[in-house]
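Asker: Input structure: final23.cif, which contains mmCIF, C-alpha atoms.
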```cif
data_input
#
loop_
_atom_site.label_atom_id
_atom_site.label_comp_id
_atom_site.auth_asym_id
_atom_site.auth_seq_id
_atom_site.Cartn_x
_atom_site.Cartn_y
_atom_site.Cartn_z
CA MET A 897 -10.75 -39.29 -98.43
CA LEU A 898 -11.09 -43.00 -97.62
CA SER A 899 -10.90 -45.11 -100.76
CA GLU A 900 -10.38 -48.77 -101.58
CA ASP A 901 -6.79 -47.97 -102.67
CA ASN A 902 -6.00 -46.36 -99.34
CA LEU A 903 -7.50 -49.33 -97.51
CA VAL A 904 -5.24 -51.74 -99.43
CA ILE A 905 -2.19 -49.52 -98.74
CA ALA A 906 -3.14 -49.45 -95.03
CA ILE A 907 -3.43 -53.24 -94.82
CA VAL A 908 -0.14 -53.87 -96.69
CA SER A 909 1.62 -51.20 -94.66
CA GLY A 910 0.32 -52.61 -91.38
CA LEU A 911 1.35 -56.17 -92.30
CA LEU A 912 4.83 -55.06 -93.39
CA GLY A 913 5.24 -53.05 -90.17
CA ILE A 914 4.26 -56.02 -87.99
CA LEU A 915 6.38 -58.51 -89.93
CA ALA A 916 9.53 -56.38 -90.12
CA SER A 917 9.46 -55.34 -86.47
CA TRP A 918 8.59 -58.88 -85.30
CA ILE A 919 11.43 -60.53 -87.29
CA THR A 920 13.90 -57.88 -86.06
CA MET A 921 12.72 -58.36 -82.49
CA LYS A 922 13.17 -62.14 -82.72
CA TYR A 923 16.72 -61.60 -84.02
CA ILE A 924 17.51 -59.14 -81.22
CA ILE A 925 16.21 -61.47 -78.50
CA ARG A 926 18.10 -64.47 -79.91
CA ASN A 927 21.46 -62.78 -80.53
CA PHE A 928 22.01 -59.52 -78.66
CA VAL A 929 22.88 -60.96 -75.22
CA ARG A 930 25.47 -63.20 -76.89
CA LEU A 931 26.85 -60.16 -78.76
CA GLY A 932 27.20 -58.29 -75.48
CA ILE A 933 24.37 -55.84 -76.19
CA PHE A 934 22.33 -56.21 -73.03
CA GLY A 935 21.26 -54.44 -69.86
CA ILE A 936 20.57 -55.70 -66.35
CA ASP A 937 16.97 -55.56 -65.11
CA TYR A 938 17.78 -54.26 -61.64
CA HIS A 939 14.14 -54.26 -60.53
CA LYS A 940 13.93 -58.07 -60.64
CA PRO A 941 15.28 -60.15 -57.72
CA ASP A 942 17.41 -62.40 -60.00
CA LYS A 943 18.81 -59.41 -62.00
CA PRO A 944 18.40 -61.00 -65.46
CA ARG A 945 20.37 -59.91 -68.55
CA ILE A 946 17.95 -58.41 -71.08
CA PRO A 947 18.83 -57.65 -74.73
CA GLU A 948 19.12 -53.87 -75.35
CA MET A 949 18.41 -51.69 -78.40
CA GLY A 950 15.01 -53.32 -79.05
CA GLY A 951 14.09 -49.96 -80.56
CA LEU A 952 15.80 -51.14 -83.75
CA ALA A 953 12.66 -53.22 -84.36
CA PHE A 954 10.59 -50.01 -84.23
CA ILE A 955 12.88 -48.20 -86.68
CA ILE A 956 12.93 -51.12 -89.14
CA GLY A 957 9.18 -51.64 -88.69
CA VAL A 958 8.38 -47.99 -89.47
CA SER A 959 10.76 -48.08 -92.45
CA ALA A 960 9.06 -51.18 -93.88
CA ALA A 961 5.54 -49.85 -93.20
CA SER A 962 6.41 -46.59 -95.00
CA ILE A 963 7.29 -48.28 -98.30
CA PRO A 964 3.70 -48.80 -99.58
CA LEU A 965 2.83 -45.20 -98.66
CA LEU A 966 5.92 -43.82 -100.39
CA LEU A 967 5.27 -45.80 -103.55
CA LEU A 968 1.49 -45.78 -103.83
CA SER A 969 -0.13 -43.08 -101.72
CA PRO A 970 -0.35 -39.34 -102.44
CA TYR A 971 1.21 -38.59 -99.02
CA PHE A 972 4.88 -38.82 -99.99
CA THR A 973 6.02 -35.68 -98.12
CA GLU A 974 4.22 -36.59 -94.89
CA THR A 975 5.46 -40.20 -94.95
CA ILE A 976 9.04 -39.21 -95.67
CA GLY A 977 8.73 -36.64 -92.84
CA ILE A 978 7.82 -39.40 -90.35
CA LEU A 979 10.39 -41.84 -91.73
CA VAL A 980 13.31 -39.41 -91.76
CA THR A 981 12.53 -38.17 -88.23
CA VAL A 982 12.41 -41.75 -86.92
CA LEU A 983 15.68 -42.57 -88.71
CA THR A 984 17.58 -39.48 -87.56
CA THR A 985 16.46 -39.74 -83.92
CA GLY A 986 17.10 -43.49 -84.14
CA VAL A 987 20.69 -42.88 -85.26
CA VAL A 988 21.21 -40.56 -82.26
CA GLY A 989 19.78 -43.33 -80.05
CA ILE A 990 22.06 -45.98 -81.57
CA ILE A 991 25.12 -43.78 -81.01
CA ASP A 992 24.02 -43.16 -77.42
CA ASP A 993 23.40 -46.85 -76.75
CA ARG A 994 26.81 -47.87 -78.11
CA LYS A 995 29.00 -44.95 -76.95
CA LYS A 996 27.32 -43.02 -74.13
CA LEU A 997 26.84 -39.44 -75.34
CA SER A 998 27.45 -36.58 -72.92
CA PRO A 999 24.27 -35.14 -71.32
CA ILE A 1000 24.72 -31.91 -73.30
CA ILE A 1001 25.56 -33.45 -76.68
CA LYS A 1002 22.57 -35.83 -76.59
CA PRO A 1003 19.76 -33.21 -76.54
CA LEU A 1004 21.72 -31.10 -79.03
CA LEU A 1005 21.97 -34.02 -81.46
CA THR A 1006 18.28 -34.86 -80.95
CA ALA A 1007 17.40 -31.27 -81.78
CA LEU A 1008 19.61 -31.47 -84.86
CA ALA A 1009 17.69 -34.61 -85.86
CA GLY A 1010 14.66 -32.35 -86.33
CA VAL A 1011 16.31 -30.28 -89.09
CA PRO A 1012 15.40 -32.74 -91.91
CA LEU A 1013 11.75 -32.51 -90.82
CA VAL A 1014 11.95 -28.72 -91.11
CA LEU A 1015 13.48 -29.03 -94.60
CA ILE A 1016 10.95 -31.63 -95.81
CA HIS A 1017 8.22 -29.30 -94.50
CA PRO A 1018 5.19 -31.63 -94.18
CA TYR A 1019 3.37 -29.09 -91.94
CA LYS A 1020 1.33 -25.90 -92.24
CA GLY A 1021 3.40 -23.67 -89.92
CA ILE A 1022 0.36 -22.81 -87.81
CA LEU A 1023 0.53 -23.24 -84.05
CA LEU A 1024 -2.96 -24.29 -82.99
CA LEU A 1025 -3.57 -23.73 -79.28
CA PRO A 1026 -6.64 -24.59 -77.19
CA LEU A 1027 -9.73 -22.37 -77.40
CA LYS A 1028 -9.15 -21.92 -81.14
CA ILE A 1029 -6.15 -19.64 -80.79
CA ALA A 1030 -4.01 -20.00 -83.90
CA PHE A 1031 -0.69 -18.38 -84.69
CA ARG A 1032 0.53 -18.36 -88.29
CA ILE A 1033 4.26 -18.35 -87.59
CA PRO A 1034 5.99 -20.34 -90.37
CA LEU A 1035 9.51 -19.09 -89.61
CA LEU A 1036 9.26 -19.34 -85.81
CA TYR A 1037 7.58 -22.72 -86.16
CA ALA A 1038 10.56 -24.04 -88.13
CA ILE A 1039 12.84 -22.89 -85.30
CA ILE A 1040 10.61 -24.43 -82.63
CA ILE A 1041 10.53 -27.94 -84.22
CA PRO A 1042 14.12 -29.02 -83.34
CA GLY A 1043 13.74 -27.80 -79.74
CA PHE A 1044 10.36 -29.47 -79.42
CA LEU A 1045 11.81 -32.73 -80.80
CA ALA A 1046 14.64 -32.65 -78.24
CA VAL A 1047 12.14 -32.10 -75.40
CA VAL A 1048 9.67 -34.79 -76.53
CA SER A 1049 12.27 -37.47 -77.36
CA ASN A 1050 14.31 -36.95 -74.21
CA SER A 1051 11.26 -36.83 -71.94
CA ILE A 1052 10.11 -40.20 -73.34
CA ASN A 1053 13.68 -41.42 -72.84
CA MET A 1054 13.61 -40.32 -69.18
CA PHE A 1055 10.26 -42.07 -68.71
CA ASP A 1056 11.82 -45.43 -69.62
CA THR A 1057 12.51 -46.39 -66.01
CA MET A 1058 10.32 -49.51 -65.70
CA ASN A 1059 9.39 -52.31 -68.10
CA GLY A 1060 7.10 -51.00 -70.82
CA THR A 1061 6.46 -47.53 -69.38
CA ALA A 1062 7.96 -45.60 -72.30
CA THR A 1063 6.55 -47.83 -75.04
CA GLY A 1064 3.15 -48.36 -73.39
CA SER A 1065 2.60 -44.70 -72.63
CA SER A 1066 3.68 -43.67 -76.14
CA LEU A 1067 1.26 -46.19 -77.60
CA LEU A 1068 -1.56 -44.75 -75.50
CA THR A 1069 -0.66 -41.19 -76.50
CA LEU A 1070 -0.56 -42.13 -80.19
CA VAL A 1071 -4.02 -43.75 -79.97
CA ALA A 1072 -5.39 -40.77 -78.00
CA LEU A 1073 -4.07 -38.32 -80.62
CA PHE A 1074 -5.60 -40.43 -83.39
CA ILE A 1075 -9.01 -40.53 -81.67
CA ALA A 1076 -8.81 -36.79 -80.97
CA ILE A 1077 -8.08 -35.97 -84.62
CA LEU A 1078 -10.90 -38.25 -85.80
CA LEU A 1079 -13.30 -36.50 -83.40
CA LYS A 1080 -12.07 -33.15 -84.68
CA GLY A 1081 -12.86 -34.43 -88.17
CA LEU A 1082 -16.56 -34.59 -87.24
CA SER A 1083 -16.77 -30.80 -87.06
CA GLU A 1084 -13.91 -29.65 -89.30
CA GLU A 1085 -12.29 -30.83 -92.50
CA VAL A 1086 -9.60 -33.40 -91.73
CA ASP A 1087 -7.83 -35.66 -94.24
CA ILE A 1088 -8.83 -38.95 -92.59
CA ALA A 1089 -6.84 -41.04 -95.09
CA LEU A 1090 -3.62 -39.19 -94.27
CA VAL A 1091 -4.20 -39.45 -90.51
CA GLY A 1092 -5.12 -43.14 -90.75
CA LEU A 1093 -2.19 -44.12 -92.97
CA ILE A 1094 0.54 -42.42 -90.95
CA PHE A 1095 -1.10 -43.73 -87.78
CA ILE A 1096 -0.77 -47.29 -89.09
CA VAL A 1097 2.87 -46.73 -90.08
CA ILE A 1098 3.71 -45.96 -86.43
CA LEU A 1099 1.09 -48.05 -84.59
CA PHE A 1100 2.00 -51.63 -85.51
CA PRO A 1101 5.79 -51.45 -85.04
CA LEU A 1102 5.17 -49.67 -81.71
CA LEU A 1103 2.67 -52.35 -80.70
CA VAL A 1104 5.16 -55.15 -81.46
CA VAL A 1105 7.89 -53.36 -79.51
CA PHE A 1106 5.52 -52.82 -76.57
CA LEU A 1107 4.48 -56.49 -76.47
CA TYR A 1108 8.13 -57.52 -76.01
CA ASN A 1109 9.01 -54.62 -73.72
CA LYS A 1110 6.03 -54.83 -71.34
CA TYR A 1111 6.41 -56.35 -67.87
CA PRO A 1112 8.26 -58.73 -67.57
CA ALA A 1113 10.42 -57.31 -70.36
CA LYS A 1114 12.00 -59.66 -72.87
CA VAL A 1115 13.82 -56.72 -74.43
CA PHE A 1116 14.84 -53.17 -73.51
CA VAL A 1117 14.16 -50.59 -76.20
CA GLY A 1118 17.17 -48.47 -75.20
CA ASP A 1119 17.72 -44.90 -76.33
CA THR A 1120 17.40 -46.23 -79.89
CA GLY A 1121 13.76 -46.94 -79.16
CA THR A 1122 12.78 -44.09 -76.86
CA LEU A 1123 14.30 -41.33 -79.00
CA SER A 1124 12.88 -42.70 -82.27
CA ILE A 1125 9.43 -43.21 -80.70
CA GLY A 1126 9.59 -39.60 -79.52
CA GLY A 1127 10.53 -38.57 -83.05
CA ALA A 1128 7.59 -40.49 -84.51
CA LEU A 1129 5.10 -38.95 -82.05
CA LEU A 1130 6.39 -35.45 -82.70
CA ALA A 1131 6.29 -35.86 -86.48
CA PHE A 1132 2.75 -37.30 -86.23
CA SER A 1133 1.55 -34.35 -84.14
CA ILE A 1134 3.22 -31.75 -86.33
CA ILE A 1135 1.81 -33.19 -89.56
CA ASN A 1136 -1.67 -33.26 -88.01
CA ASN A 1137 -1.23 -29.86 -86.35
CA CYS A 1138 -2.02 -31.17 -82.85
CA GLU A 1139 1.15 -30.20 -80.93
CA ALA A 1140 -0.85 -28.86 -77.97
CA LEU A 1141 -2.61 -32.22 -77.62
CA LEU A 1142 0.76 -34.00 -77.68
CA VAL A 1143 1.92 -31.81 -74.79
CA ILE A 1144 -1.22 -32.72 -72.81
CA GLY A 1145 -0.77 -36.42 -73.61
CA LEU A 1146 2.85 -36.30 -72.45
CA LEU A 1147 2.24 -34.40 -69.19
CA PRO A 1148 3.51 -37.26 -66.96
CA HIS A 1149 6.65 -37.51 -69.13
CA LEU A 1150 7.27 -33.78 -69.13
CA THR A 1151 6.69 -33.57 -65.37
CA ASN A 1152 9.14 -36.43 -64.83
CA GLY A 1153 11.77 -34.92 -67.13
CA PHE A 1154 11.38 -31.44 -65.71
CA PHE A 1155 11.81 -32.58 -62.09
CA ASN A 1156 14.69 -34.86 -62.94
CA LEU A 1157 16.51 -31.84 -64.31
CA SER A 1158 15.40 -29.31 -61.70
CA SER A 1159 16.29 -31.54 -58.72
CA VAL A 1160 19.74 -32.33 -60.11
CA GLY A 1161 20.15 -28.76 -61.36
CA ARG A 1162 21.69 -29.63 -64.72
CA LEU A 1163 21.51 -32.01 -67.67
CA PHE A 1164 22.74 -35.44 -66.58
CA GLU A 1165 22.99 -39.13 -67.50
CA ARG A 1166 21.39 -41.71 -65.20
CA SER A 1167 24.77 -43.39 -64.66
CA GLU A 1168 26.17 -40.12 -63.24
CA LEU A 1169 23.83 -40.11 -60.25
CA ASN A 1170 25.57 -40.79 -56.92
CA VAL A 1171 22.30 -41.07 -54.99
CA ARG A 1172 19.66 -43.27 -56.64
CA PRO A 1173 16.02 -42.08 -56.48
CA ILE A 1174 14.75 -45.55 -55.50
CA ILE A 1175 16.15 -48.48 -53.54
CA VAL A 1176 15.58 -52.06 -54.72
CA SER A 1177 15.85 -54.70 -51.99
CA ASP A 1178 16.97 -58.30 -52.57
CA ASN A 1179 13.38 -59.58 -52.64
CA GLY A 1180 12.45 -57.06 -55.32
CA THR A 1181 10.63 -54.58 -53.06
CA ILE A 1182 11.15 -51.01 -54.26
CA THR A 1183 11.16 -48.05 -51.88
CA ALA A 1184 11.69 -44.32 -52.35
CA ASN A 1185 15.08 -43.07 -51.26
CA ILE A 1186 14.53 -40.52 -48.48
CA ASP A 1187 17.96 -38.95 -49.05
CA SER A 1188 17.28 -35.30 -49.97
CA ARG A 1189 20.07 -35.37 -52.59
CA ALA A 1190 18.23 -37.98 -54.69
CA PRO A 1191 16.41 -36.58 -57.75
CA ILE A 1192 12.63 -36.32 -57.40
CA THR A 1193 11.70 -38.58 -60.30
CA LEU A 1194 8.16 -39.71 -61.01
CA THR A 1195 9.16 -43.27 -60.03
CA ARG A 1196 10.44 -42.02 -56.67
CA PHE A 1197 7.22 -40.05 -56.11
CA VAL A 1198 5.08 -43.07 -57.03
CA THR A 1199 7.02 -45.38 -54.67
CA ALA A 1200 6.72 -42.78 -51.91
CA LEU A 1201 2.95 -42.97 -52.42
CA GLY A 1202 2.96 -46.63 -51.37
CA PHE A 1203 3.53 -48.53 -54.61
CA THR A 1204 6.32 -50.90 -53.66
CA ASN A 1205 6.58 -53.58 -56.30
CA GLU A 1206 7.50 -53.16 -59.92
CA LYS A 1207 4.13 -54.23 -61.30
CA ASP A 1208 2.23 -51.76 -59.07
CA ILE A 1209 4.60 -48.92 -59.94
CA ILE A 1210 4.12 -49.60 -63.66
CA ARG A 1211 0.33 -49.67 -63.16
CA ALA A 1212 0.45 -46.37 -61.28
CA MET A 1213 2.57 -44.70 -63.98
CA MET A 1214 0.30 -46.02 -66.71
CA THR A 1215 -2.76 -44.76 -64.78
CA LEU A 1216 -1.30 -41.25 -64.92
CA CYS A 1217 -0.65 -41.64 -68.65
CA ILE A 1218 -4.22 -42.88 -69.22
CA LEU A 1219 -5.50 -39.83 -67.31
CA SER A 1220 -3.56 -37.41 -69.50
CA ASP A 1221 -4.63 -39.28 -72.66
CA VAL A 1222 -8.28 -39.13 -71.56
CA LEU A 1223 -7.76 -35.36 -71.11
CA VAL A 1224 -6.52 -35.21 -74.74
CA VAL A 1225 -9.78 -36.74 -75.98
CA LEU A 1226 -11.92 -34.70 -73.57
CA THR A 1227 -10.29 -31.48 -74.80
CA VAL A 1228 -11.59 -32.20 -78.30
CA ILE A 1229 -15.00 -33.51 -77.18
CA THR A 1230 -15.65 -30.37 -75.10
CA GLY A 1231 -14.65 -28.18 -78.04
CA LEU A 1232 -11.65 -26.67 -76.19
CA TRP A 1233 -9.38 -27.55 -79.12
CA MET B 86 -9.20 -48.37 -56.47
CA SER B 87 -7.82 -47.31 -53.09
CA LYS B 88 -4.32 -47.57 -54.54
CA ILE B 89 -5.29 -45.32 -57.44
CA LEU B 90 -6.54 -42.75 -54.92
CA ASN B 91 -3.01 -42.70 -53.51
CA LEU B 92 -2.00 -40.98 -56.73
CA LYS B 93 -3.98 -37.84 -55.81
CA PRO B 94 -0.93 -35.52 -55.57
CA LEU B 95 0.29 -36.50 -59.03
CA ILE B 96 -3.21 -36.27 -60.51
CA LEU B 97 -3.45 -32.77 -59.02
CA ILE B 98 -0.19 -31.75 -60.74
CA ILE B 99 -1.39 -33.13 -64.09
CA LEU B 100 -4.75 -31.34 -63.78
CA PHE B 101 -3.04 -28.07 -62.78
CA ASN B 102 -0.84 -28.21 -65.87
CA TYR B 103 -3.74 -29.22 -68.05
CA PHE B 104 -5.78 -26.18 -67.07
CA VAL B 105 -2.79 -23.89 -67.57
CA ILE B 106 -2.20 -25.32 -71.07
CA VAL B 107 -5.89 -25.09 -72.03
CA PHE B 108 -6.83 -21.72 -70.53
CA GLY B 109 -3.41 -20.07 -70.19
CA PRO B 110 -3.04 -19.01 -73.84
CA GLN B 111 -6.50 -17.41 -73.78
CA VAL B 112 -5.74 -15.47 -70.58
CA LEU B 113 -2.38 -14.37 -71.96
CA TYR B 114 -4.02 -13.37 -75.24
CA ILE B 115 -6.57 -11.17 -73.42
CA ILE B 116 -3.80 -9.56 -71.36
CA GLN B 117 -1.73 -8.86 -74.49
CA ILE B 118 -4.69 -7.33 -76.34
CA ASN B 119 -5.47 -5.05 -73.41
CA ILE B 120 -1.85 -3.95 -73.10
CA GLU B 121 -1.91 -3.07 -76.80
CA ARG B 122 -5.18 -1.13 -76.44
CA PHE B 123 -4.05 0.73 -73.35
CA LEU B 124 -0.53 1.62 -74.51
CA ARG B 125 -1.11 2.33 -78.21
CA PRO B 126 -1.72 6.08 -77.77
CA LEU B 127 1.06 6.41 -75.17
CA ALA B 128 4.06 4.39 -76.31
CA PRO B 129 5.89 3.51 -79.54
CA ARG B 130 5.04 0.17 -81.19
CA MET B 131 8.40 -1.38 -80.40
CA LEU B 132 8.10 -0.66 -76.68
CA ILE B 133 4.60 -2.18 -76.64
CA GLY B 134 5.98 -5.32 -78.31
CA PHE B 135 8.80 -5.48 -75.78
CA ILE B 136 6.37 -5.14 -72.84
CA GLN B 137 4.10 -7.81 -74.31
CA ALA B 138 7.03 -10.20 -74.82
CA THR B 139 8.27 -9.57 -71.27
CA ILE B 140 4.84 -10.23 -69.78
CA GLY B 141 4.51 -13.41 -71.86
CA LEU B 142 7.88 -14.65 -70.66
CA VAL B 143 7.18 -13.73 -67.02
CA SER B 144 3.83 -15.58 -67.17
CA ILE B 145 5.57 -18.73 -68.40
CA LEU B 146 8.20 -18.43 -65.66
CA ILE B 147 5.46 -18.01 -63.03
CA TRP B 148 3.77 -21.17 -64.35
CA ILE B 149 7.04 -23.13 -64.16
CA PHE B 150 7.75 -21.74 -60.67
CA ILE B 151 4.31 -22.77 -59.34
CA TRP B 152 4.65 -26.20 -61.03
CA LEU B 153 8.06 -26.71 -59.39
CA LYS B 154 6.93 -25.51 -55.95
CA LEU B 155 3.74 -27.60 -56.07
CA TYR B 156 5.64 -30.75 -57.00
CA LYS B 157 8.29 -30.24 -54.32
CA TYR B 158 5.71 -29.34 -51.67
CA LEU B 159 3.56 -32.39 -52.41
CA PHE B 160 6.58 -34.68 -52.52
CA ALA B 161 7.92 -33.31 -49.21
CA ARG B 162 4.49 -33.88 -47.63
CA VAL B 163 4.37 -37.48 -48.85
CA ILE B 164 7.90 -38.18 -47.57
CA LYS B 165 7.03 -36.53 -44.20
CA ASN B 166 3.95 -38.75 -43.83
CA LYS B 167 6.08 -41.78 -44.73
CA LYS B 168 8.61 -41.00 -42.00
#
```
Just give me the structure of the file as structure tokens.
Answerer:
Amino acid sequence: MLSEDNLVIAIVSGLLGILASWITMKYIIRNFVRLGIFGIDYHKPDKPRIPEMGGLAFIIGVSAASIPLLLLSPYFTETIGILVTVLTTGVVGIIDDRKKLSPIIKPLLTALAGVPLVLIHPYKGILLLPLKIAFRIPLLYAIIIPGFLAVVSNSINMFDTMNGTATGSSLLTLVALFIAILLKGLSEEVDIALVGLIFIVILFPLLVVFLYNKYPAKVFVGDTGTLSIGGALLAFSIINNCEALLVIGLLPHLTNGFFNLSSVGRLFERSELNVRPIIVSDNGTITANIDSRAPITLTRFVTALGFTNEKDIIRAMMTLCILSDVLVVLTVITGLW
Amino acid sequence: MSKILNLKPLILIILFNYFVIVFGPQVLYIIQINIERFLRPLAPRMLIGFIQATIGLVSILIWIFIWLKLYKYLFARVIKNKK
């Protein structure tokens, strides 16, 4: 139910989220290159050094935005579910950014990061599929969550190939899920206050991170950011029982992740690749590598389709994300979910 | 706009997966119900469950196989045109 109290909590939470993530981001941009925490933007002709681990701003932003909800709202369990998932996946990301984790340990740790969410239990344990098929599987559902978290977080991580693609696409998916749940609320009973409040907790920190990470990036979010954003999206979808919609919204990410793995034939780290999927020339033109040993990533596919500069490639990838997010909303409008 | 049309192969893959996700569970559900109806008088409950689980798993593998083949085929075609 929407009340004046909830509106005040939403405003305070939103402001805290923006402020905390913005201050953190400013600190990261000012100090991280000097501290040696940076990456090279290989897609730019001058190969600039960009501060890494910008995802810390998202984690701190979500933590700050959660405080009013934890103290004043009746949604303690749901808020702590989001917060703990962001923190645990964030810790895995921080470890990976500082000491490269092996390609097998990383997904295992991300899956393990889902265990607190299972224990906090802010969900119904019903798997709601399209065409109103519902499975009440509380035990199986609890087992699925860690695996699902590993898939979602790592597919968003693998999508972070160009400036702002991971953050921008996650932002679009979050908004699409929110709209879809609101539309669902027109025909069925949905706790709009809960949906709105946890949406705000994630939205504003993600927006701040995106504004600094979009082309031309002033900061890289790193695994800290991509894994924790994946954690936030998964927790949001599980609390609102819209996992199927999340899968539809992340179709470009899942396709990219799936073909990365299938063309290499195993779990791998980007740095392990001997043959790069794309070739960046000195003037910044990007072309698809025609070597058959190169992994068939989404970026390689997009460049093969004639998108040869970074801005165009980002636009193409975002167009695919917009398409899948429109499908999320259409699924609800047409009554398929 | 013309550039967006270049994305046709990838849009096709997304739409293919979308329709599988939306209609797949319903199709699988109908198949499972019919297996149950057909086999109930003939086989023990555990065997029916095993057959249903196997068919469910095989369906998912077929989906992944078609997804993989479609992606590789479309990519190979794009690269061939490029050459």
Asker: Here's a test: counting all atoms listed in the file, identify every protein, DNA and RNA residue with an atom at most 10 Å from (0.3, -43.5, -101.0) in the file's coordinate frame, and state them as a list in words.
Answerer: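 Residues with an atom close enough to that point: Asp901, Asn902, Ile905, Ala906, Ser962, Ile963, Pro964, Leu965, Leu966, Leu967, Leu968, Ser969, Pro970, Tyr971, Phe972, Thr975, Ala1089, Leu1090 and Leu1093 of chain A.
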Asker: Using only C-alpha atoms, select each residue of chain B with any atom at most 12 Å away from an atom of chain A, and give the selection as a PyMOL selection string.
Answerer: chain B and resi 86-115+149-150+152-168
Asker: Go ahead and write the residues just picked, C-alpha atoms, as an mmCIF file, in the frame of the given file.
Answerer:
```
data_model
loop_
_atom_site.group_PDB
_atom_site.id
_atom_site.type_symbol
_atom_site.label_atom_id
_atom_site.label_comp_id
_atom_site.auth_asym_id
_atom_site.auth_seq_id
_atom_site.Cartn_x
_atom_site.Cartn_y
_atom_site.Cartn_z
ATOM 1 C CA MET B 86 -9.200 -48.370 -56.470
ATOM 2 C CA SER B 87 -7.820 -47.310 -53.090
ATOM 3 C CA LYS B 88 -4.320 -47.570 -54.540
ATOM 4 C CA ILE B 89 -5.290 -45.320 -57.440
ATOM 5 C CA LEU B 90 -6.540 -42.750 -54.920
ATOM 6 C CA ASN B 91 -3.010 -42.700 -53.510
ATOM 7 C CA LEU B 92 -2.000 -40.980 -56.730
ATOM 8 C CA LYS B 93 -3.980 -37.840 -55.810
ATOM 9 C CA PRO B 94 -0.930 -35.520 -55.570
ATOM 10 C CA LEU B 95 0.290 -36.500 -59.030
ATOM 11 C CA ILE B 96 -3.210 -36.270 -60.510
ATOM 12 C CA LEU B 97 -3.450 -32.770 -59.020
ATOM 13 C CA ILE B 98 -0.190 -31.750 -60.740
ATOM 14 C CA ILE B 99 -1.390 -33.130 -64.090
ATOM 15 C CA LEU B 100 -4.750 -31.340 -63.780
ATOM 16 C CA PHE B 101 -3.040 -28.070 -62.780
ATOM 17 C CA ASN B 102 -0.840 -28.210 -65.870
ATOM 18 C CA TYR B 103 -3.740 -29.220 -68.050
ATOM 19 C CA PHE B 104 -5.780 -26.180 -67.070
ATOM 20 C CA VAL B 105 -2.790 -23.890 -67.570
ATOM 21 C CA ILE B 106 -2.200 -25.320 -71.070
ATOM 22 C CA VAL B 107 -5.890 -25.090 -72.030
ATOM 23 C CA PHE B 108 -6.830 -21.720 -70.530
ATOM 24 C CA GLY B 109 -3.410 -20.070 -70.190
ATOM 25 C CA PRO B 110 -3.040 -19.010 -73.840
ATOM 26 C CA GLN B 111 -6.500 -17.410 -73.780
ATOM 27 C CA VAL B 112 -5.740 -15.470 -70.580
ATOM 28 C CA LEU B 113 -2.380 -14.370 -71.960
ATOM 29 C CA TYR B 114 -4.020 -13.370 -75.240
ATOM 30 C CA ILE B 115 -6.570 -11.170 -73.420
ATOM 31 C CA ILE B 149 7.040 -23.130 -64.160
ATOM 32 C CA PHE B 150 7.750 -21.740 -60.670
ATOM 33 C CA TRP B 152 4.650 -26.200 -61.030
ATOM 34 C CA LEU B 153 8.060 -26.710 -59.390
ATOM 35 C CA LYS B 154 6.930 -25.510 -55.950
ATOM 36 C CA LEU B 155 3.740 -27.600 -56.070
ATOM 37 C CA TYR B 156 5.640 -30.750 -57.000
ATOM 38 C CA LYS B 157 8.290 -30.240 -54.320
ATOM 39 C CA TYR B 158 5.710 -29.340 -51.670
ATOM 40 C CA LEU B 159 3.560 -32.390 -52.410
ATOM 41 C CA PHE B 160 6.580 -34.680 -52.520
ATOM 42 C CA ALA B 161 7.920 -33.310 -49.210
ATOM 43 C CA ARG B 162 4.490 -33.880 -47.630
ATOM 44 C CA VAL B 163 4.370 -37.480 -48.850
ATOM 45 C CA ILE B 164 7.900 -38.180 -47.570
ATOM 46 C CA LYS B 165 7.030 -36.530 -44.200
ATOM 47 C CA ASN B 166 3.950 -38.750 -43.830
ATOM 48 C CA LYS B 167 6.080 -41.780 -44.730
ATOM 49 C CA LYS B 168 8.610 -41.000 -42.000
#
```
Asker: Report, in Å to a single decimal, how far apart atom CA of Glu948 of chain A and atom CA of Arg926 of chain A are.
Answerer: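 Going from atom CA of Arg926 of chain A over to atom CA of Glu948 of chain A covers 11.6 Å.
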Asker: Please provide the set of residues having any atom within 9 Å of segment 1075-1087 of chain A, restricted to only C-alpha atoms, with same-chain residues fewer than 5 positions apart removed, written as an MDAnalysis selection string.
Answerer: chainID A and resid 897:898 1070 1092 1136 1138 1141 1224:1229 1231 1233
Asker: Just give me the gap between atom CA of Asp1187 of chain A and atom CA of Pro999 of chain A in Å, one decimal is fine.
Answerer: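 Taking atom CA of Asp1187 of chain A as the start and atom CA of Pro999 of chain A as the end point, the length is 23.5 Å.
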Asker: Taking into account all atoms listed in the file, which residue in the set A:Ile924, A:Ile1182, A:Ile914, A:Val1014 is nearest to Ala960 of chain A?
Answerer: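 Going through A:Ile924, A:Ile1182, A:Ile914, A:Val1014 one by one, the smallest distance to Ala960 of chain A is for A:Ile914.
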Asker: What does the distance between atom CA of Asn1170 of chain A and atom CA of Thr1204 of chain A come to in Å, to one decimal place?
Answerer: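 Between these atoms lies a distance of 22.0 Å.
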Asker: Using only C-alpha atoms, can you tell me which of A:Asp942, A:Lys1020, A:Val1104, A:Gly1118 comes closest to Lys922 of chain A?
Answerer: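 Checking each of A:Asp942, A:Lys1020, A:Val1104, A:Gly1118 against Lys922 of chain A, counting only C-alpha atoms, the winner is A:Val1104.
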Asker: Could you give me, as a count of residues only, the residues within 9 Å of His1017 of chain A, counting all atoms listed in the file and dropping anything in the same chain fewer than 3 positions from it?
Answerer: 10
Asker: Extract, using all atoms listed in the file, all DNA, RNA and protein residues at most 9 Å from Val982 of chain A, discarding same-chain residues fewer than 6 positions from it, and format them as a list in words.
Answerer: Phe954, Ile955, Val958, Ser959, Ala1009, Leu1123, Ser1124, Ile1125, Gly1126, Gly1127, Ala1128 and Ala1131 of chain A
